[in-house]
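start_6.csv follows; it contains CSV, C-alpha atoms and all ligand atoms.
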chain,number,residue,atom,x,y,z
A,9,MET,CA,0.0,0.0,0.0
A,10,ILE,CA,2.8,2.4,1.0
A,11,GLU,CA,6.4,1.8,0.3
A,12,THR,CA,9.1,4.4,0.7
A,13,LYS,CA,12.9,4.2,0.0
A,14,GLN,CA,15.1,6.7,1.6
A,15,LEU,CA,12.5,9.3,1.2
A,16,THR,CA,13.9,12.7,2.0
A,17,LYS,CA,12.6,16.3,2.0
A,18,ILE,CA,15.0,19.2,2.7
A,19,PHE,CA,13.4,22.6,2.7
A,20,LYS,CA,15.6,25.3,1.4
A,21,ILE,CA,14.8,28.8,2.7
A,22,LYS,CA,16.7,31.8,1.4
A,23,LYS,CA,19.3,33.1,3.8
A,24,SER,CA,18.5,30.5,6.4
A,25,PRO,CA,20.0,27.0,7.0
A,26,ASP,CA,18.3,24.2,5.2
A,27,VAL,CA,15.6,22.3,7.1
A,28,PRO,CA,16.0,18.5,6.8
A,29,ALA,CA,12.3,17.7,7.6
A,30,VAL,CA,12.4,14.1,6.5
A,31,VAL,CA,15.6,12.1,6.1
A,32,ASP,CA,16.1,8.7,4.6
A,33,LEU,CA,12.6,7.4,5.5
A,34,THR,CA,12.3,3.7,4.5
A,35,LEU,CA,9.0,2.2,5.4
A,36,SER,CA,6.3,-0.1,4.2
A,37,VAL,CA,2.7,-0.1,5.3
A,38,ALA,CA,0.7,-3.2,4.4
A,39,GLU,CA,-2.9,-3.3,3.2
A,40,GLY,CA,-5.4,-3.2,6.0
A,41,GLU,CA,-2.9,-1.9,8.5
A,42,VAL,CA,-3.4,1.1,10.8
A,43,PHE,CA,0.0,2.7,11.0
A,44,GLY,CA,0.7,5.3,13.6
A,45,PHE,CA,3.2,8.0,12.9
A,46,LEU,CA,4.3,9.5,16.2
A,47,GLY,CA,6.6,12.4,16.8
A,48,PRO,CA,7.0,15.8,18.4
A,49,ASN,CA,6.1,19.1,16.8
A,50,GLY,CA,8.2,19.7,13.8
A,51,ALA,CA,9.2,16.1,13.4
A,52,GLY,CA,8.2,16.0,9.7
A,53,LYS,CA,5.0,14.0,10.0
A,54,THR,CA,2.9,16.4,7.9
A,55,THR,CA,5.7,16.8,5.4
A,56,THR,CA,5.8,13.0,5.0
A,57,VAL,CA,2.0,12.9,4.4
A,58,ARG,CA,2.3,15.7,1.9
A,59,MET,CA,4.9,13.8,0.0
A,60,LEU,CA,2.9,10.6,0.1
A,61,THR,CA,-0.2,12.3,-1.2
A,62,SER,CA,1.8,14.1,-4.0
A,63,LEU,CA,1.2,17.5,-2.7
A,64,ILE,CA,4.9,18.3,-2.5
A,65,GLY,CA,7.8,16.5,-4.2
A,66,PRO,CA,10.6,14.8,-2.4
A,67,THR,CA,14.1,16.1,-2.5
A,68,SER,CA,15.4,12.6,-3.0
A,69,GLY,CA,14.4,8.9,-2.5
A,70,ALA,CA,11.3,7.3,-3.8
A,71,ALA,CA,7.8,6.3,-2.7
A,72,TRP,CA,5.0,4.2,-4.0
A,73,VAL,CA,1.4,4.6,-2.9
A,74,ASN,CA,-1.3,2.1,-3.9
A,75,GLY,CA,1.3,0.9,-6.5
A,76,PHE,CA,1.7,4.4,-8.0
A,77,LYS,CA,5.0,6.1,-8.0
A,78,VAL,CA,5.2,9.5,-6.3
A,79,GLY,CA,6.3,12.1,-8.8
A,80,GLU,CA,5.1,10.0,-11.8
A,81,LYS,CA,1.5,9.1,-11.1
A,82,ASP,CA,0.5,11.9,-8.9
A,83,GLN,CA,-3.0,12.2,-10.3
A,84,ASP,CA,-3.6,8.5,-9.7
A,85,ILE,CA,-2.3,8.8,-6.2
A,86,ARG,CA,-4.5,11.8,-5.3
A,87,ARG,CA,-7.6,10.0,-6.6
A,88,SER,CA,-6.9,6.8,-4.8
A,89,VAL,CA,-6.3,8.2,-1.3
A,90,GLY,CA,-8.3,10.1,1.2
A,91,ILE,CA,-6.6,12.9,3.2
A,92,LEU,CA,-7.5,14.7,6.3
A,93,THR,CA,-5.1,17.6,6.4
A,94,GLU,CA,-4.0,19.6,9.5
A,95,SER,CA,-6.2,22.6,8.8
A,96,PRO,CA,-8.8,21.5,6.3
A,97,GLY,CA,-10.0,24.3,4.1
A,98,LEU,CA,-13.8,24.5,3.9
A,99,TYR,CA,-16.1,26.9,2.1
A,100,GLU,CA,-17.4,28.9,5.1
A,101,ARG,CA,-20.5,30.3,3.4
A,102,LEU,CA,-21.7,27.1,1.9
A,103,SER,CA,-23.6,24.4,3.7
A,104,ALA,CA,-22.2,21.1,4.8
A,105,VAL,CA,-24.0,19.3,1.9
A,106,LYS,CA,-22.7,21.8,-0.6
A,107,ASN,CA,-19.1,21.5,0.7
A,108,LEU,CA,-19.2,17.8,0.3
A,109,ALA,CA,-21.0,17.9,-3.1
A,110,ILE,CA,-18.3,20.2,-4.6
A,111,TYR,CA,-15.7,17.8,-3.5
A,112,ALA,CA,-17.6,14.7,-4.6
A,113,ASN,CA,-17.9,16.2,-8.1
A,114,LEU,CA,-14.2,17.0,-8.2
A,115,TYR,CA,-13.5,13.3,-7.5
A,116,ASP,CA,-16.1,12.0,-10.0
A,117,VAL,CA,-18.0,10.3,-7.2
A,118,GLU,CA,-21.0,8.4,-8.5
A,119,GLN,CA,-24.3,8.9,-6.6
A,120,VAL,CA,-23.1,12.1,-5.0
A,121,ASP,CA,-26.3,12.6,-3.0
A,122,ARG,CA,-26.2,9.1,-1.5
A,123,GLN,CA,-22.5,9.3,-0.5
A,124,VAL,CA,-23.0,12.8,1.0
A,125,GLU,CA,-25.9,11.6,3.0
A,126,LYS,CA,-24.2,8.4,4.1
A,127,TYR,CA,-21.2,10.2,5.6
A,128,LEU,CA,-23.1,13.2,7.1
A,129,ARG,CA,-25.3,10.7,8.9
A,130,MET,CA,-22.4,8.5,9.9
A,131,LEU,CA,-20.6,11.5,11.5
A,132,GLY,CA,-23.7,12.9,13.2
A,133,LEU,CA,-23.9,16.0,11.0
A,134,TRP,CA,-27.1,15.2,9.1
A,135,SER,CA,-29.3,17.5,11.2
A,136,ARG,CA,-27.0,20.4,10.5
A,137,ARG,CA,-26.6,19.6,6.8
A,138,ASP,CA,-28.0,22.9,5.5
A,139,ASP,CA,-26.2,25.2,7.9
A,140,PRO,CA,-23.3,27.2,6.6
A,141,VAL,CA,-20.0,25.7,7.6
A,142,GLY,CA,-18.9,29.1,9.0
A,143,SER,CA,-21.4,28.4,11.9
A,144,PHE,CA,-19.8,25.0,12.7
A,145,SER,CA,-17.7,24.3,15.8
A,146,LYS,CA,-14.2,23.0,15.5
A,147,GLY,CA,-15.2,19.4,16.1
A,148,MET,CA,-18.0,19.6,13.5
A,149,ARG,CA,-15.6,21.0,11.0
A,150,GLN,CA,-13.2,18.2,11.7
A,151,LYS,CA,-15.9,15.6,11.2
A,152,LEU,CA,-17.0,17.3,8.0
A,153,ALA,CA,-13.4,17.1,6.8
A,154,ILE,CA,-13.3,13.5,7.6
A,155,ALA,CA,-16.5,12.9,5.7
A,156,ARG,CA,-14.9,14.7,2.8
A,157,ALA,CA,-11.9,12.5,2.8
A,158,LEU,CA,-14.2,9.4,2.6
A,159,LEU,CA,-16.6,10.4,-0.2
A,160,HIS,CA,-14.8,8.6,-2.9
A,161,GLU,CA,-14.3,5.5,-0.7
A,162,PRO,CA,-10.6,5.4,-0.8
A,163,LYS,CA,-8.9,2.2,0.4
A,164,LEU,CA,-6.0,4.2,1.9
A,165,LEU,CA,-6.5,7.1,4.3
A,166,PHE,CA,-4.1,9.7,5.6
A,167,LEU,CA,-5.3,11.2,8.8
A,168,ASP,CA,-3.1,14.0,10.1
A,169,GLU,CA,-4.0,14.5,13.8
A,170,PRO,CA,-7.7,13.7,13.4
A,171,THR,CA,-8.6,14.3,17.0
A,172,SER,CA,-6.5,17.4,17.8
A,173,GLY,CA,-8.5,20.1,19.3
A,174,LEU,CA,-11.6,18.0,19.8
A,175,ASP,CA,-13.4,17.6,23.1
A,176,PRO,CA,-13.2,14.1,24.7
A,177,GLU,CA,-16.5,13.0,23.4
A,178,ALA,CA,-15.8,14.1,19.8
A,179,ALA,CA,-12.4,12.6,20.0
A,180,ARG,CA,-13.9,9.3,21.1
A,181,LEU,CA,-16.3,9.4,18.2
A,182,VAL,CA,-13.6,10.0,15.7
A,183,ARG,CA,-11.5,7.3,17.2
A,184,SER,CA,-14.2,4.7,17.1
A,185,PHE,CA,-14.9,5.9,13.5
A,186,VAL,CA,-11.2,5.2,12.6
A,187,GLN,CA,-11.6,1.8,14.2
A,188,GLU,CA,-14.7,1.1,12.1
A,189,LEU,CA,-12.9,2.2,8.9
A,190,SER,CA,-10.1,-0.2,9.8
A,191,GLU,CA,-12.6,-3.0,10.3
A,192,GLN,CA,-13.9,-2.3,6.8
A,193,GLY,CA,-10.4,-3.2,5.6
A,194,ARG,CA,-9.0,0.2,4.9
A,195,THR,CA,-5.4,1.1,5.4
A,196,ILE,CA,-4.8,4.1,7.6
A,197,PHE,CA,-1.8,6.2,8.0
A,198,LEU,CA,-2.4,8.1,11.2
A,199,CYS,CA,-0.3,11.1,12.4
A,200,THR,CA,-0.9,11.8,16.1
A,201,HIS,CA,0.5,13.3,19.2
A,202,ASN,CA,-1.9,11.3,21.3
A,203,LEU,CA,0.0,8.3,22.5
A,204,ASN,CA,-2.9,6.5,24.0
A,205,GLU,CA,-4.8,7.0,20.8
A,206,ALA,CA,-1.9,5.4,18.8
A,207,ASP,CA,-1.8,2.6,21.4
A,208,ARG,CA,-5.4,1.8,21.0
A,209,LEU,CA,-5.8,2.2,17.3
A,210,CYS,CA,-2.5,1.2,15.6
A,211,ASP,CA,-1.2,-2.2,14.5
A,212,ARG,CA,2.3,-0.7,14.3
A,213,ILE,CA,3.8,2.6,15.3
A,214,GLY,CA,6.7,4.5,13.9
A,215,ILE,CA,8.4,6.9,16.3
A,216,PHE,CA,9.8,9.6,14.1
A,217,LYS,CA,11.9,12.7,14.4
A,218,SER,CA,13.2,13.7,11.0
A,219,ARG,CA,14.4,10.1,10.9
A,220,LEU,CA,12.6,6.9,11.8
A,221,ILE,CA,13.7,6.0,15.3
A,222,GLU,CA,11.7,2.9,16.1
A,223,ILE,CA,9.1,1.0,14.3
A,224,ASP,CA,7.1,-1.9,15.7
A,225,THR,CA,3.9,-3.1,17.3
A,226,PRO,CA,2.9,-1.2,20.5
A,227,GLU,CA,3.4,-4.5,22.4
A,228,ASN,CA,6.9,-5.1,21.0
A,229,LEU,CA,7.9,-1.5,21.6
A,230,ARG,CA,7.0,-2.1,25.3
A,231,LYS,CA,9.1,-5.3,25.3
A,232,LYS,CA,12.0,-3.9,23.5
A,233,LEU,CA,12.4,-0.8,25.6
A,234,PHE,CA,11.4,-2.1,29.1
A,235,GLY,CA,11.6,-5.9,29.0
A,236,ARG,CA,8.6,-7.6,30.5
A,237,LYS,CA,7.7,-7.3,34.1
A,238,VAL,CA,5.3,-9.5,36.1
A,239,VAL,CA,3.9,-8.5,39.4
A,240,PHE,CA,3.1,-11.2,42.0
A,241,HIS,CA,0.8,-9.9,44.7
A,242,LEU,CA,1.4,-11.9,47.9
A,243,ARG,CA,-0.2,-11.8,51.3
A,244,GLU,CA,3.3,-11.3,52.8
A,245,ILE,CA,6.8,-11.7,51.5
A,246,ASN,CA,9.4,-14.1,52.8
A,247,PRO,CA,12.8,-12.8,51.6
A,248,ARG,CA,14.0,-16.3,50.8
A,249,TRP,CA,11.4,-16.4,47.9
A,250,ILE,CA,13.2,-13.5,46.2
A,251,ASP,CA,16.4,-15.6,45.9
A,252,SER,CA,14.4,-18.6,44.8
A,253,ILE,CA,12.8,-16.6,42.0
A,254,LYS,CA,16.2,-15.1,41.0
A,255,ALA,CA,17.4,-18.7,40.6
A,256,PHE,CA,15.1,-19.3,37.7
A,257,ALA,CA,16.9,-19.1,34.3
A,258,GLY,CA,15.4,-16.2,32.4
A,259,VAL,CA,14.6,-14.1,35.4
A,260,GLU,CA,16.6,-10.9,35.2
A,261,ASN,CA,15.6,-9.1,38.4
A,262,VAL,CA,13.3,-9.3,41.3
A,263,GLN,CA,12.1,-6.2,43.1
A,264,PRO,CA,10.0,-6.3,46.3
A,265,VAL,CA,7.5,-3.4,46.4
A,266,ASP,CA,5.2,-3.5,49.5
A,267,GLU,CA,3.5,-6.9,49.4
A,268,LYS,CA,4.4,-7.3,45.7
A,269,LEU,CA,7.3,-8.9,43.9
A,270,VAL,CA,8.1,-7.3,40.5
A,271,VAL,CA,9.9,-9.8,38.4
A,272,SER,CA,11.6,-8.9,35.1
A,273,MET,CA,11.8,-11.8,32.7
A,274,ASP,CA,12.0,-12.8,29.1
A,275,ASN,CA,9.3,-15.4,28.9
A,276,PRO,CA,6.4,-15.1,31.3
A,277,GLN,CA,4.3,-17.7,29.6
A,278,VAL,CA,6.9,-20.3,30.6
A,279,LEU,CA,8.2,-18.9,33.8
A,280,ASN,CA,5.0,-17.7,35.5
A,281,PRO,CA,3.6,-21.2,36.1
A,282,GLN,CA,6.9,-22.4,37.5
A,283,ILE,CA,7.3,-19.4,39.8
A,284,ILE,CA,3.7,-19.7,41.0
A,285,ARG,CA,4.2,-23.4,41.7
A,286,MET,CA,7.3,-22.7,43.7
A,287,LEU,CA,5.7,-19.9,45.7
A,288,VAL,CA,2.7,-22.0,46.6
A,289,GLU,CA,4.8,-25.0,47.6
A,290,SER,CA,6.9,-22.6,49.8
A,291,GLY,CA,3.7,-21.5,51.6
A,292,ALA,CA,3.0,-18.2,49.8
A,293,ASP,CA,-0.5,-16.9,49.4
A,294,VAL,CA,-0.6,-15.8,45.8
A,295,GLN,CA,-3.4,-13.3,45.5
A,296,PHE,CA,-3.0,-11.9,42.0
A,297,VAL,CA,-0.5,-12.2,39.1
A,298,GLY,CA,-0.4,-9.6,36.4
A,299,GLU,CA,1.9,-8.0,33.8
A,300,LEU,CA,3.2,-4.5,34.6
A,301,ARG,CA,2.4,-2.5,31.5
A,302,HIS,CA,4.2,0.7,30.5
A,303,SER,CA,2.1,3.2,28.8
A,304,LEU,CA,3.1,4.2,25.3
A,305,GLU,CA,3.8,7.7,26.7
A,306,GLU,CA,6.6,6.3,28.8
A,307,ILE,CA,8.0,4.4,25.8
A,308,TYR,CA,7.8,7.5,23.7
A,309,LEU,CA,9.5,9.7,26.2
A,310,GLN,CA,12.2,7.0,26.8
A,311,THR,CA,12.8,6.7,23.1
A,312,MET,CA,13.1,10.5,22.7
A,313,ARG,CA,15.5,10.7,25.6
A,314,GLU,CA,17.7,7.9,24.2
A,315,THR,CA,17.8,9.6,20.8
A,316,GLU,CA,18.8,12.9,22.3
A,317,GLN,CA,21.6,11.3,24.3
A,318,GLU,CA,22.8,9.5,21.2
A,319,GLY,CA,22.7,12.9,19.4
A,320,GLN,CA,24.9,14.5,22.0
A,321,ALA,CA,27.3,11.6,22.3
B,401,LIG,N1,6.8,24.7,3.4
B,401,LIG,C1,7.8,24.7,4.2
B,401,LIG,N2,8.9,25.5,4.1
B,401,LIG,C2,9.9,25.5,4.9
B,401,LIG,N3,9.9,24.6,6.0
B,401,LIG,C3,8.9,23.8,6.2
B,401,LIG,C4,7.8,23.8,5.3
B,401,LIG,N4,6.9,22.9,5.8
B,401,LIG,C5,7.5,22.3,6.9
B,401,LIG,N5,8.7,22.9,7.1
B,401,LIG,C6,9.6,22.6,8.3
B,401,LIG,O1,9.8,21.1,8.3
B,401,LIG,C7,9.8,20.7,9.6
B,401,LIG,C8,8.7,19.6,9.8
B,401,LIG,O2,7.5,20.2,9.7
B,401,LIG,P1,6.1,19.3,9.7
B,401,LIG,O3,5.0,20.2,9.6
B,401,LIG,O4,6.3,18.2,8.8
B,401,LIG,O5,6.2,18.7,11.2
B,401,LIG,P2,5.1,17.8,12.0
B,401,LIG,O6,5.7,16.6,12.5
B,401,LIG,O7,3.8,17.7,11.2
B,401,LIG,O8,4.8,18.8,13.2
B,401,LIG,P3,3.4,19.1,14.1
B,401,LIG,O9,3.3,17.9,15.0
B,401,LIG,O10,3.7,20.4,14.7
B,401,LIG,O11,2.3,19.1,13.1
B,401,LIG,C9,9.6,21.8,10.5
B,401,LIG,O12,10.9,22.3,10.9
B,401,LIG,C10,9.0,22.9,9.6
B,401,LIG,O13,9.3,24.2,10.0
B,402,MG,MG,1.9,18.2,11.4

Mind turning this structure into structure tokens?
Ligand SMILES: Nc1ncnc2c1ncn2[C@@H]1O[C@H](COP(=O)(O)OP(=O)(O)OP(=O)(O)O)[C@@H](O)[C@H]1O
Ligand SMILES: [Mg+2]
Amino acid sequence: MIETKQLTKIFKIKKSPDVPAVVDLTLSVAEGEVFGFLGPNGAGKTTTVRMLTSLIGPTSGAAWVNGFKVGEKDQDIRRSVGILTESPGLYERLSAVKNLAIYANLYDVEQVDRQVEKYLRMLGLWSRRDDPVGSFSKGMRQKLAIARALLHEPKLLFLDEPTSGLDPEAARLVRSFVQELSEQGRTIFLCTHNLNEADRLCDRIGIFKSRLIEIDTPENLRKKLFGRKVVFHLREINPRWIDSIKAFAGVENVQPVDEKLVVSMDNPQVLNPQIIRMLVESGADVQFVGELRHSLEEIYLQTMRETEQEGQA
């Protein structure tokens, strides 16, 4: 669906140093995947989306979108993808229906009325369909822009921060909508600052700051950066059990915290049953066992810290 090879964009501004916005990005996003593109302000996320939707040309490198090469088949690319841009331009004085209809005609959508109605209803804007967009709230505009991106039923969608500036309710609606689109089998390239959002929605996440720093599933990112930790909640702790757990091959560390033992290990599926058996046989009351999960936020901040340290070294 998306394939990039050392895709690079360097902005050249007169009398100022060049801005390397995207450097050597090599990436592939498979059909049906929800890919999260995560990075701080100015990381180059929007620039990447603009290149992949043929709105700006790369400085070097290459990319293919839906099988079409960027720079050669730009018209085909633009017709085959849906884009929600950072600040979607809408015709303020025209109604929601008119806004969508103009766009639908531009994209040669068949059955314009039906498509416009379908998406206005789906996004909860049907009752406001005849109001001028100038009277819409920020969230309503965002929803209208999402509807616009979908009118021609693209299989591949670029969503640049779809929930930014939305209240929790509207953000949740948009998120569940993204989920629904994914369940319909669409491929989604999602730029976001919202780490929990990426965690919930994305199959894979690329952490990006001009360069791709990490790319993996949310689960593997957790494992890679923090290892796996299992928490054993016990009624009380006998210090001898700590040494017994440490003696298992594959256990890296055991940390007592209150009435809990936090055990770092590679392979909990194999080790947990053995540790539980040992604890029970030694007379421990095992109350709960669970995995300690790091939030994606911690992972992201950790990754950024490591990258900055490498940069300074
Ligand atoms: N048209 C342009 N001319 C010059 N520099 C640009 C242009 N567009 C973007 N840049 C620069 O490229 C860098 C990346 O910007 P970009 O908008 O892609 O970041 P972003 O990751 O989308 O950030 P945000 O999270 O704030 O939306 C920034 O340093 C920005 O100033
Ligand atoms: Mg951006």

Please identify every residue of stretch 195-227 of chain A that has at least one atom no farther than 8 Å from an atom of stretch 31-38 of chain A, counting all atoms listed in the file, and for each give the shortest atom pair and the distance in Å to one decimal, arranged by chain then increasing number, as a tab-separated table.
residue	atom	partner	partner_atom	distance
A:Thr195	CA	A:Ala38	CA	7.5
A:Ser218	CA	A:Val31	CA	5.7
A:Arg219	CA	A:Val31	CA	5.3
A:Leu220	CA	A:Leu33	CA	6.3

Can you write out the residues you just picked, keeping C-alpha atoms, as a short mmCIF file (atom, residue, chain, number, x, y, z; two decimals), in the frame of the given file?
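Generated output (result33.cif):
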data_model
loop_
_atom_site.label_atom_id
_atom_site.label_comp_id
_atom_site.auth_asym_id
_atom_site.auth_seq_id
_atom_site.Cartn_x
_atom_site.Cartn_y
_atom_site.Cartn_z
CA THR A 195 -5.40 1.10 5.40
CA SER A 218 13.20 13.70 11.00
CA ARG A 219 14.40 10.10 10.90
CA LEU A 220 12.60 6.90 11.80
#

Discussion item. Under the rule that only C-alpha atoms are counted, which of A:Leu158, A:Glu125, A:Arg301, A:Val262 is the nearest residue to A:Asn228?
Written reply: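 The answer is A:Arg301, which sits nearest to A:Asn228.
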
May I ask you to write as a short mmCIF file (atom, residue, chain, number, x, y, z; two decimals) with C-alpha atoms, in the frame of the given file all residues lying at most 7 Å from ligand MG 402 (chain B), with only C-alpha atoms and all ligand atoms counted?
data_model
loop_
_atom_site.label_atom_id
_atom_site.label_comp_id
_atom_site.auth_asym_id
_atom_site.auth_seq_id
_atom_site.Cartn_x
_atom_site.Cartn_y
_atom_site.Cartn_z
CA ASN A 49 6.10 19.10 16.80
CA GLY A 50 8.20 19.70 13.80
CA GLY A 52 8.20 16.00 9.70
CA LYS A 53 5.00 14.00 10.00
CA THR A 54 2.90 16.40 7.90
CA GLU A 94 -4.00 19.60 9.50
CA ASP A 168 -3.10 14.00 10.10
#

Worksheet item: What is the distance, in Å and to one decimal place, between atom C10 of ligand LIG 401 (chain B) and atom CA of A:Thr61?
Response: 17.7 Å

Sorted by chain and rising residue number, which residues of chain A lie within 10 Å of ligand LIG 401 (chain B), and what are their closest atom pairs and distances in Å to one decimal, counting only C-alpha atoms and all ligand atoms, as JSON lines?
{"residue": "A:Lys17", "atom": "CA", "partner": "B:LIG401", "partner_atom": "O1", "distance": 8.4}
{"residue": "A:Ile18", "atom": "CA", "partner": "B:LIG401", "partner_atom": "O1", "distance": 7.9}
{"residue": "A:Phe19", "atom": "CA", "partner": "B:LIG401", "partner_atom": "C2", "distance": 5.0}
{"residue": "A:Lys20", "atom": "CA", "partner": "B:LIG401", "partner_atom": "C2", "distance": 6.7}
{"residue": "A:Ile21", "atom": "CA", "partner": "B:LIG401", "partner_atom": "C2", "distance": 6.3}
{"residue": "A:Lys22", "atom": "CA", "partner": "B:LIG401", "partner_atom": "C2", "distance": 9.9}
{"residue": "A:Asp26", "atom": "CA", "partner": "B:LIG401", "partner_atom": "N3", "distance": 8.4}
{"residue": "A:Val27", "atom": "CA", "partner": "B:LIG401", "partner_atom": "O1", "distance": 6.0}
{"residue": "A:Pro28", "atom": "CA", "partner": "B:LIG401", "partner_atom": "O1", "distance": 6.9}
{"residue": "A:Ala29", "atom": "CA", "partner": "B:LIG401", "partner_atom": "O1", "distance": 4.3}
{"residue": "A:Val30", "atom": "CA", "partner": "B:LIG401", "partner_atom": "C8", "distance": 7.4}
{"residue": "A:Phe45", "atom": "CA", "partner": "B:LIG401", "partner_atom": "O6", "distance": 9.0}
{"residue": "A:Leu46", "atom": "CA", "partner": "B:LIG401", "partner_atom": "O6", "distance": 8.1}
{"residue": "A:Gly47", "atom": "CA", "partner": "B:LIG401", "partner_atom": "O6", "distance": 6.1}
{"residue": "A:Pro48", "atom": "CA", "partner": "B:LIG401", "partner_atom": "O9", "distance": 5.4}
{"residue": "A:Asn49", "atom": "CA", "partner": "B:LIG401", "partner_atom": "O10", "distance": 3.4}
{"residue": "A:Gly50", "atom": "CA", "partner": "B:LIG401", "partner_atom": "O5", "distance": 3.4}
{"residue": "A:Ala51", "atom": "CA", "partner": "B:LIG401", "partner_atom": "O6", "distance": 3.6}
{"residue": "A:Gly52", "atom": "CA", "partner": "B:LIG401", "partner_atom": "O4", "distance": 3.0}
{"residue": "A:Lys53", "atom": "CA", "partner": "B:LIG401", "partner_atom": "O6", "distance": 3.7}
{"residue": "A:Thr54", "atom": "CA", "partner": "B:LIG401", "partner_atom": "O7", "distance": 3.7}
{"residue": "A:Thr55", "atom": "CA", "partner": "B:LIG401", "partner_atom": "O4", "distance": 3.7}
{"residue": "A:Thr56", "atom": "CA", "partner": "B:LIG401", "partner_atom": "O4", "distance": 6.5}
{"residue": "A:Val57", "atom": "CA", "partner": "B:LIG401", "partner_atom": "O4", "distance": 8.1}
{"residue": "A:Arg58", "atom": "CA", "partner": "B:LIG401", "partner_atom": "O4", "distance": 8.4}
{"residue": "A:Met59", "atom": "CA", "partner": "B:LIG401", "partner_atom": "O4", "distance": 9.9}
{"residue": "A:Ile64", "atom": "CA", "partner": "B:LIG401", "partner_atom": "N1", "distance": 8.9}
{"residue": "A:Glu94", "atom": "CA", "partner": "B:LIG401", "partner_atom": "O11", "distance": 7.3}
{"residue": "A:Asp168", "atom": "CA", "partner": "B:LIG401", "partner_atom": "O7", "distance": 7.9}
{"residue": "A:Glu169", "atom": "CA", "partner": "B:LIG401", "partner_atom": "O11", "distance": 7.8}
{"residue": "A:Cys199", "atom": "CA", "partner": "B:LIG401", "partner_atom": "O7", "distance": 7.9}
{"residue": "A:Thr200", "atom": "CA", "partner": "B:LIG401", "partner_atom": "O9", "distance": 7.5}
{"residue": "A:His201", "atom": "CA", "partner": "B:LIG401", "partner_atom": "O9", "distance": 6.8}
{"residue": "A:Phe216", "atom": "CA", "partner": "B:LIG401", "partner_atom": "O6", "distance": 8.3}
{"residue": "A:Lys217", "atom": "CA", "partner": "B:LIG401", "partner_atom": "O6", "distance": 7.6}
{"residue": "A:Ser218", "atom": "CA", "partner": "B:LIG401", "partner_atom": "C8", "distance": 7.5}

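Distance-wise, atom CA of A:Ile196 and atom CA of A:Arg137 end up 26.8 Å apart.
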
Discussion item. Taking all atoms listed in the file into account, name the residue in A:Gly75, A:Glu205, A:Ser252, A:Ala109 that is nearest to A:Pro176.
Written reply: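 Nearest candidate to A:Pro176 out of A:Gly75, A:Glu205, A:Ser252, A:Ala109: A:Glu205.
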
Worksheet item: Using all atoms listed in the file, which of the listed residues (A:Leu279, A:Val271, A:Leu229, A:Ile253) sits closest to A:Tyr308?
Response: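 Residue with the minimum atom-to-atom distance to A:Tyr308: A:Leu229.
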
Considering all atoms listed in the file, give me a table of residues in stretch 59-167 of chain A that are at most 10 Å from stretch 181-189 of chain A, with the closest atom pair and distance in Å for each, as JSON lines.
{"residue": "A:Met130", "atom": "CA", "partner": "A:Phe185", "partner_atom": "CA", "distance": 8.7}
{"residue": "A:Leu131", "atom": "CA", "partner": "A:Leu181", "partner_atom": "CA", "distance": 8.2}
{"residue": "A:Gly132", "atom": "CA", "partner": "A:Leu181", "partner_atom": "CA", "distance": 9.6}
{"residue": "A:Gly147", "atom": "CA", "partner": "A:Val182", "partner_atom": "CA", "distance": 9.5}
{"residue": "A:Gln150", "atom": "CA", "partner": "A:Val182", "partner_atom": "CA", "distance": 9.1}
{"residue": "A:Lys151", "atom": "CA", "partner": "A:Val182", "partner_atom": "CA", "distance": 7.5}
{"residue": "A:Ile154", "atom": "CA", "partner": "A:Val182", "partner_atom": "CA", "distance": 8.8}
{"residue": "A:Leu158", "atom": "CA", "partner": "A:Leu189", "partner_atom": "CA", "distance": 9.7}
{"residue": "A:Lys163", "atom": "CA", "partner": "A:Leu189", "partner_atom": "CA", "distance": 9.4}
{"residue": "A:Leu165", "atom": "CA", "partner": "A:Leu189", "partner_atom": "CA", "distance": 9.3}
{"residue": "A:Leu167", "atom": "CA", "partner": "A:Val186", "partner_atom": "CA", "distance": 9.2}

Discussion item. Please list, as a PyMOL selection string, the residues that have an atom at most 12 Å away from (-11.6, 18.4, -5.8) in the coordinates of this file, counting all atoms listed in the file.
Written reply: chain A and resi 83+86-87+90-91+97-98+107-117+156-157+159-160

Worksheet item: Which one of A:Glu244, A:Asp139, A:Asp84, A:Glu39 sits closest to A:Lys268 if you count all atoms listed in the file?
Response: A:Glu244
